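Student: Contents of run.pdb (PDB, C-alpha atoms and all ligand atoms):
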MODEL        1
ATOM      1  CA  MET A   1      13.095  -1.037 -60.655  1.00  0.00           C
ATOM      2  CA  PRO A   2      16.248  -0.945 -58.576  1.00  0.00           C
ATOM      3  CA  PRO A   3      16.665  -3.318 -55.663  1.00  0.00           C
ATOM      4  CA  ILE A   4      16.119  -2.203 -52.087  1.00  0.00           C
ATOM      5  CA  TYR A   5      19.248  -1.938 -50.001  1.00  0.00           C
ATOM      6  CA  ARG A   6      19.909  -2.114 -46.328  1.00  0.00           C
ATOM      7  CA  ILE A   7      22.519   0.400 -45.294  1.00  0.00           C
ATOM      8  CA  VAL A   8      24.282  -0.888 -42.228  1.00  0.00           C
ATOM      9  CA  CYS A   9      27.502  -0.703 -40.289  1.00  0.00           C
ATOM     10  CA  ASN A  10      29.559  -3.871 -40.731  1.00  0.00           C
ATOM     11  CA  THR A  11      30.719  -3.715 -37.114  1.00  0.00           C
ATOM     12  CA  CYS A  12      27.940  -2.488 -34.790  1.00  0.00           C
ATOM     13  CA  GLY A  13      25.029  -3.255 -37.098  1.00  0.00           C
ATOM     14  CA  GLU A  14      23.576   0.249 -36.878  1.00  0.00           C
ATOM     15  CA  GLU A  15      21.006   0.588 -39.647  1.00  0.00           C
ATOM     16  CA  TYR A  16      20.902   3.921 -41.481  1.00  0.00           C
ATOM     17  CA  SER A  17      18.092   3.450 -43.911  1.00  0.00           C
ATOM     18  CA  LYS A  18      15.566   0.779 -44.572  1.00  0.00           C
ATOM     19  CA  GLY A  19      14.365   2.079 -47.877  1.00  0.00           C
ATOM     20  CA  TRP A  20      15.222   4.287 -50.746  1.00  0.00           C
ATOM     21  CA  GLY A  21      18.081   6.716 -50.763  1.00  0.00           C
ATOM     22  CA  TYR A  22      15.778   9.561 -51.664  1.00  0.00           C
ATOM     23  CA  LYS A  23      12.136  10.563 -52.053  1.00  0.00           C
ATOM     24  CA  MET A  24      10.591  12.806 -54.637  1.00  0.00           C
ATOM     25  CA  TYR A  25       8.563  15.766 -53.463  1.00  0.00           C
ATOM     26  CA  VAL A  26       6.652  18.649 -54.937  1.00  0.00           C
ATOM     27  CA  ALA A  27       6.183  21.961 -53.141  1.00  0.00           C
ATOM     28  CA  ASP A  28       2.692  23.476 -53.070  1.00  0.00           C
ATOM     29  CA  ASP A  29       1.814  27.175 -53.389  1.00  0.00           C
ATOM     30  CA  ASP A  30       2.748  27.758 -49.735  1.00  0.00           C
ATOM     31  CA  GLY A  31       6.084  25.983 -50.073  1.00  0.00           C
ATOM     32  CA  LYS A  32       4.911  22.930 -48.160  1.00  0.00           C
ATOM     33  CA  ARG A  33       6.620  19.791 -49.425  1.00  0.00           C
ATOM     34  CA  VAL A  34       4.286  17.007 -50.451  1.00  0.00           C
ATOM     35  CA  LEU A  35       5.862  13.584 -50.884  1.00  0.00           C
ATOM     36  CA  CYS A  36       5.207  11.843 -54.185  1.00  0.00           C
ATOM     37  CA  HIS A  37       4.781   8.189 -53.454  1.00  0.00           C
ATOM     38  CA  HIS A  38       5.519   5.503 -55.981  1.00  0.00           C
ATOM     39  CA  PRO A  39       3.538   4.560 -57.975  1.00  0.00           C
ATOM     40  CA  GLY A  40       1.313   7.505 -58.809  1.00  0.00           C
ATOM     41  CA  GLU A  41       3.898  10.276 -58.458  1.00  0.00           C
ATOM     42  CA  LYS A  42       2.626  12.007 -61.542  1.00  0.00           C
ATOM     43  CA  PHE A  43      -0.877  12.301 -60.058  1.00  0.00           C
ATOM     44  CA  THR A  44       0.481  13.947 -56.923  1.00  0.00           C
ATOM     45  CA  ILE A  45       2.594  16.339 -58.983  1.00  0.00           C
ATOM     46  CA  ALA A  46      -0.364  17.210 -61.227  1.00  0.00           C
ATOM     47  CA  HIS A  47      -2.644  17.750 -58.237  1.00  0.00           C
ATOM     48  CA  VAL A  48      -0.226  19.989 -56.335  1.00  0.00           C
ATOM     49  CA  LEU A  49       0.782  22.001 -59.405  1.00  0.00           C
ATOM     50  CA  LYS A  50      -2.844  22.132 -60.609  1.00  0.00           C
ATOM     51  CA  LEU A  51      -2.053  20.672 -64.002  1.00  0.00           C
ATOM     52  CA  SER A  52      -4.680  19.446 -66.397  1.00  0.00           C
ATOM     53  CA  GLU A  53      -4.740  15.800 -67.393  1.00  0.00           C
ATOM     54  CA  ARG A  54      -3.002  16.599 -70.654  1.00  0.00           C
ATOM     55  CA  GLU A  55      -0.357  18.774 -69.009  1.00  0.00           C
ATOM     56  CA  ARG A  56       0.307  15.997 -66.539  1.00  0.00           C
ATOM     57  CA  GLU A  57       1.211  13.650 -69.375  1.00  0.00           C
ATOM     58  CA  TRP A  58       3.535  16.267 -70.894  1.00  0.00           C
ATOM     59  CA  VAL A  59       5.368  16.660 -67.632  1.00  0.00           C
ATOM     60  CA  TRP A  60       5.697  12.940 -67.190  1.00  0.00           C
ATOM     61  CA  PHE A  61       6.536  11.785 -70.685  1.00  0.00           C
ATOM     62  CA  GLY A  62       8.141  14.936 -72.049  1.00  0.00           C
ATOM     63  CA  PHE A  63       6.702  17.717 -74.111  1.00  0.00           C
ATOM     64  CA  PRO A  64       5.767  16.625 -77.613  1.00  0.00           C
ATOM     65  CA  ARG A  65       7.909  17.988 -80.434  1.00  0.00           C
ATOM     66  CA  TRP A  66       5.136  20.216 -81.768  1.00  0.00           C
ATOM     67  CA  MET A  67       4.820  21.877 -78.390  1.00  0.00           C
ATOM     68  CA  LYS A  68       8.507  22.721 -78.247  1.00  0.00           C
ATOM     69  CA  ALA A  69       8.157  24.359 -81.648  1.00  0.00           C
ATOM     70  CA  LEU A  70       5.255  26.453 -80.382  1.00  0.00           C
ATOM     71  CA  ARG A  71       7.079  27.676 -77.271  1.00  0.00           C
ATOM     72  CA  GLY A  72       3.730  28.608 -75.812  1.00  0.00           C
ATOM     73  CA  ARG A  73       3.538  30.590 -72.610  1.00  0.00           C
ATOM     74  CA  ARG A  74       1.881  27.712 -70.786  1.00  0.00           C
ATOM     75  CA  VAL A  75       4.715  25.363 -71.747  1.00  0.00           C
ATOM     76  CA  LYS A  76       7.222  27.763 -70.256  1.00  0.00           C
ATOM     77  CA  GLU A  77       5.078  28.147 -67.158  1.00  0.00           C
ATOM     78  CA  ILE A  78       4.893  24.417 -66.602  1.00  0.00           C
ATOM     79  CA  LYS A  79       8.613  23.933 -67.184  1.00  0.00           C
ATOM     80  CA  ASN A  80       9.392  26.637 -64.631  1.00  0.00           C
ATOM     81  CA  LEU A  81       6.930  25.216 -62.135  1.00  0.00           C
ATOM     82  CA  VAL A  82       8.536  21.802 -62.387  1.00  0.00           C
ATOM     83  CA  LYS A  83      12.027  23.252 -62.073  1.00  0.00           C
ATOM     84  CA  GLU A  84      11.092  25.338 -59.027  1.00  0.00           C
ATOM     85  CA  ARG A  85       8.819  22.948 -57.199  1.00  0.00           C
ATOM     86  CA  LEU A  86      10.092  19.438 -57.817  1.00  0.00           C
ATOM     87  CA  GLY A  87      12.841  18.162 -55.614  1.00  0.00           C
ATOM     88  CA  ALA A  88      14.278  15.123 -53.903  1.00  0.00           C
ATOM     89  CA  LEU A  89      14.744  14.457 -50.216  1.00  0.00           C
ATOM     90  CA  SER A  90      17.727  12.347 -49.248  1.00  0.00           C
ATOM     91  CA  TYR A  91      18.128  10.441 -46.040  1.00  0.00           C
ATOM     92  CA  CYS A  92      20.905  12.112 -44.140  1.00  0.00           C
ATOM     93  CA  VAL A  93      22.896  11.238 -41.072  1.00  0.00           C
ATOM     94  CA  CYS A  94      24.636  13.578 -38.696  1.00  0.00           C
ATOM     95  CA  CYS A  95      28.197  12.331 -38.254  1.00  0.00           C
ATOM     96  CA  ASN A  96      28.354  14.087 -34.909  1.00  0.00           C
ATOM     97  CA  CYS A  97      25.252  12.804 -33.058  1.00  0.00           C
ATOM     98  CA  CYS A  98      23.860  10.148 -35.457  1.00  0.00           C
ATOM     99  CA  GLU A  99      20.527  11.868 -35.878  1.00  0.00           C
ATOM    100  CA  THR A 100      18.809  10.836 -39.122  1.00  0.00           C
ATOM    101  CA  PHE A 101      16.638  13.243 -41.068  1.00  0.00           C
ATOM    102  CA  GLU A 102      15.729  14.209 -44.608  1.00  0.00           C
ATOM    103  CA  LEU A 103      17.208  17.045 -46.634  1.00  0.00           C
ATOM    104  CA  ASP A 104      16.992  18.368 -50.132  1.00  0.00           C
ATOM    105  CA  LEU A 105      20.717  18.367 -50.851  1.00  0.00           C
ATOM    106  CA  VAL A 106      20.302  20.941 -53.606  1.00  0.00           C
ATOM    107  CA  ARG A 107      18.204  23.473 -51.683  1.00  0.00           C
ATOM    108  CA  ASP A 108      18.726  22.902 -47.983  1.00  0.00           C
ATOM    109  CA  GLU A 109      21.661  23.773 -45.814  1.00  0.00           C
ATOM    110  CA  ARG A 110      23.494  20.764 -44.421  1.00  0.00           C
ATOM    111  CA  ARG A 111      22.778  21.211 -40.779  1.00  0.00           C
ATOM    112  CA  CYS A 112      21.677  18.726 -38.139  1.00  0.00           C
ATOM    113  CA  PRO A 113      18.320  19.656 -36.519  1.00  0.00           C
ATOM    114  CA  ALA A 114      19.387  17.954 -33.284  1.00  0.00           C
ATOM    115  CA  CYS A 115      22.900  19.225 -32.573  1.00  0.00           C
ATOM    116  CA  ASP A 116      23.380  21.997 -35.163  1.00  0.00           C
ATOM    117  CA  SER A 117      26.491  20.335 -36.596  1.00  0.00           C
ATOM    118  CA  ASN A 118      27.078  20.736 -40.326  1.00  0.00           C
ATOM    119  CA  ASP A 119      28.951  17.454 -40.533  1.00  0.00           C
ATOM    120  CA  VAL A 120      26.044  15.884 -42.369  1.00  0.00           C
ATOM    121  CA  LEU A 121      26.214  13.196 -45.038  1.00  0.00           C
ATOM    122  CA  SER A 122      23.483  11.685 -47.135  1.00  0.00           C
ATOM    123  CA  VAL A 123      23.148   7.950 -46.762  1.00  0.00           C
ATOM    124  CA  SER A 124      24.532   7.397 -50.248  1.00  0.00           C
ATOM    125  CA  GLU A 125      27.582   9.492 -49.383  1.00  0.00           C
ATOM    126  CA  LEU A 126      27.994   7.381 -46.252  1.00  0.00           C
ATOM    127  CA  LYS A 127      28.701   4.279 -48.322  1.00  0.00           C
ATOM    128  CA  GLY A 128      32.202   3.032 -47.579  1.00  0.00           C
ATOM    129  CA  LYS A 129      32.756   5.685 -44.896  1.00  0.00           C
ATOM    130  CA  GLY A 130      33.287   5.325 -41.169  1.00  0.00           C
ATOM    131  CA  CYS A 131      30.210   4.563 -39.074  1.00  0.00           C
ATOM    132  CA  PRO A 132      29.010   7.649 -37.129  1.00  0.00           C
ATOM    133  CA  ALA A 133      27.537   5.451 -34.370  1.00  0.00           C
ATOM    134  CA  CYS A 134      30.519   3.333 -33.292  1.00  0.00           C
ATOM    135  CA  LYS A 135      33.324   5.213 -35.127  1.00  0.00           C
ATOM    136  CA  LYS A 136      34.941   1.823 -35.823  1.00  0.00           C
ATOM    137  CA  GLY A 137      33.045   0.026 -38.548  1.00  0.00           C
ATOM    138  CA  THR A 138      32.372   0.867 -42.165  1.00  0.00           C
ATOM    139  CA  VAL A 139      28.964   1.607 -43.584  1.00  0.00           C
ATOM    140  CA  VAL A 140      28.059  -0.878 -46.308  1.00  0.00           C
ATOM    141  CA  TRP A 141      25.076  -1.398 -48.593  1.00  0.00           C
ATOM    142  CA  MET A 142      23.503  -4.823 -48.457  1.00  0.00           C
ATOM    143  CA  ASP A 143      21.194  -5.951 -51.241  1.00  0.00           C
ATOM    144  CA  THR A 144      18.076  -7.402 -49.622  1.00  0.00           C
ATOM    145  CA  GLY A 145      17.088  -9.152 -52.831  1.00  0.00           C
ATOM    146  CA  ILE A 146      13.697  -7.467 -52.656  1.00  0.00           C
ATOM    147  CA  MET A 147      12.661  -5.638 -55.789  1.00  0.00           C
ATOM    148  CA  SER A 148      10.549  -2.532 -55.480  1.00  0.00           C
TER
HETATM  149 ZN    ZN A 201      28.995   1.128 -36.381  1.00  0.00          ZN
HETATM  150 ZN    ZN A 202      23.687  16.074 -34.957  1.00  0.00          ZN
ENDMDL
END
Take the structure in the file and write it out as C-alpha cells.
Ligand SMILES: [Zn+2]
Ligand SMILES: [Zn+2]
Tutor:
Amino acid sequence: MPPIYRIVCNTCGEEYSKGWGYKMYVADDDGKRVLCHHPGEKFTIAHVLKLSEREREWVWFGFPRWMKALRGRRVKEIKNLVKERLGALSYCVCCNCCETFELDLVRDERRCPACDSNDVLSVSELKGKGCPACKKGTVVWMDTGIMS
C-alpha cells in the first residue's frame, strides 16, 4: 500500500488534501456515483452492478483464460459495464478561488462549482506548482509516514 501524503503549501501551510489523491467509484443504474471504500471495493462494485459472486471475482482478478476463449455474451456485458460505470474521483482545487471539490478527470468538465472558473487542477497536478491560496509558495507533498 502506498504511503499517505499531506499536500501542503511550503509558505502559508494551506493544506489541499489529507488523504488519497483519488477515490474509486461505481455508477448505479441511475448514474449516481457510489464511492468504493477500501477495503471491500469489489463488494461495492458487485452490489451496484448486480454481479454474482463468481462474476465479482472475475472482475476483480481478471477473467480466466477459458472465459476469454468463450467470448460469452455475459463476459462482454460485464466488461462493458465496468468500462462504463467504474471511475475515479480526484481531489481538485480551483486556482482562482481555492475551492476544493472532486471530479472525474476523464468524464467531467474542469469547472469550479463555486466561481465557474475552468482553471482547475487535480491535487496531483498541483505538486510543484504555485499555491492558489497565497500565490507565493509552492505546493509540496509531505510523506506522513503512515501506511494505509
Ligand atoms: Zn500558500
Ligand atoms: Zn473557483
Student: Go through A:Gly145, A:Gly128, A:Pro113, A:Pro39 one by one, measure the shortest atom-to-atom distance of each to ligand ZN 201 (chain A) using all atoms listed in the file, and give the residue with the smallest value.
Tutor: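 The shortest atom-to-atom distance to ligand ZN 201 (chain A) comes from A:Gly128.
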Student: Which neighbours of A:His37 fall inside 12 Å, counting only C-alpha atoms, when residues of the same chain fewer than 4 positions from it are skipped, and could you give them as a short mmCIF file (atom, residue, chain, number, x, y, z; two decimals) with C-alpha atoms, in the frame of the given file?
Tutor:
data_model
loop_
_atom_site.label_atom_id
_atom_site.label_comp_id
_atom_site.auth_asym_id
_atom_site.auth_seq_id
_atom_site.Cartn_x
_atom_site.Cartn_y
_atom_site.Cartn_z
CA TRP A 20 15.22 4.29 -50.75
CA TYR A 22 15.78 9.56 -51.66
CA LYS A 23 12.14 10.56 -52.05
CA MET A 24 10.59 12.81 -54.64
CA TYR A 25 8.56 15.77 -53.46
CA VAL A 26 6.65 18.65 -54.94
CA GLU A 41 3.90 10.28 -58.46
CA LYS A 42 2.63 12.01 -61.54
CA PHE A 43 -0.88 12.30 -60.06
CA THR A 44 0.48 13.95 -56.92
CA ILE A 45 2.59 16.34 -58.98
CA ALA A 88 14.28 15.12 -53.90
#
Student: Output the residue selection produced by the PyMOL selection byres (((not hetatm)) within 9 of (chain A and resi 201)) on the file above, formatted as a list in words.
Tutor: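 Evaluating the PyMOL selection byres (((not hetatm)) within 9 of (chain A and resi 201)) on this file yields Val8, Cys9, Asn10, Thr11, Cys12, Gly13, Glu14, Glu15, Gly130, Cys131, Pro132, Ala133, Cys134, Lys135, Lys136, Gly137, Thr138 and Val139 of chain A.
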Student: Smallest atom-to-atom distance to A:Ala114: which of A:Leu86, A:Ala27, A:Cys94, A:Ile7, using all atoms listed in the file?
Tutor: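 Of A:Leu86, A:Ala27, A:Cys94, A:Ile7, the one nearest A:Ala114 is A:Cys94, counting all atoms listed in the file.
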Student: So the first atom is atom CA of A:Ser117 and the second is atom CA of A:Tyr91; what is the distance between them in Å, to one decimal place?
Tutor: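 Separation between atom CA of A:Ser117 and atom CA of A:Tyr91: 16.0 Å.
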Student: For a quick check of understanding, using only C-alpha atoms, which of A:Arg74, A:Arg111, A:Arg6, A:His38 has the smallest distance to A:Ser124?
Tutor: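 Looking at the shortest contact to A:Ser124, the residue is A:Arg6.
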Student: List as a CSV table (one decimal) with C-alpha atoms, in the frame of the given file the protein and nucleic acid residues near A:Asp119, meaning an atom at most 10 Å away when all atoms listed in the file are counted, but skip any in the same chain fewer than 4 places from it.
Tutor:
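Output below, filename out_36.csv:
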chain,number,residue,atom,x,y,z
A,93,VAL,CA,22.9,11.2,-41.1
A,94,CYS,CA,24.6,13.6,-38.7
A,95,CYS,CA,28.2,12.3,-38.3
A,96,ASN,CA,28.4,14.1,-34.9
A,97,CYS,CA,25.3,12.8,-33.1
A,110,ARG,CA,23.5,20.8,-44.4
A,111,ARG,CA,22.8,21.2,-40.8
A,112,CYS,CA,21.7,18.7,-38.1
Student: Would you compute the distance between atom CA of A:Arg107 and atom CA of A:Phe63? Give it in Å to one decimal.
Tutor: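 Atom-to-atom, atom CA of A:Arg107 and atom CA of A:Phe63 are spaced 25.9 Å apart.
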Student: To one decimal in Å, tell me the separation between atom CA of A:Val59 and atom CA of A:Asp108.
Tutor: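 One can read the atom CA of A:Val59 to atom CA of A:Asp108 distance as 24.6 Å.
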Student: Mind telling me what the PyMOL selection byres (((chain A and resi 55-58) around 12) and not hetatm) catches here, as a ChimeraX atom specification?
Tutor: /A:40-54,59-68,74-79,81-82
Student: Using only C-alpha atoms and all ligand atoms, which of the listed residues (A:Glu84, A:Asp29, A:Leu105, A:Cys98) sits closest to ligand ZN 202 (chain A)?
Tutor: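 Going through A:Glu84, A:Asp29, A:Leu105, A:Cys98 one by one, the smallest distance to ligand ZN 202 (chain A) is for A:Cys98.
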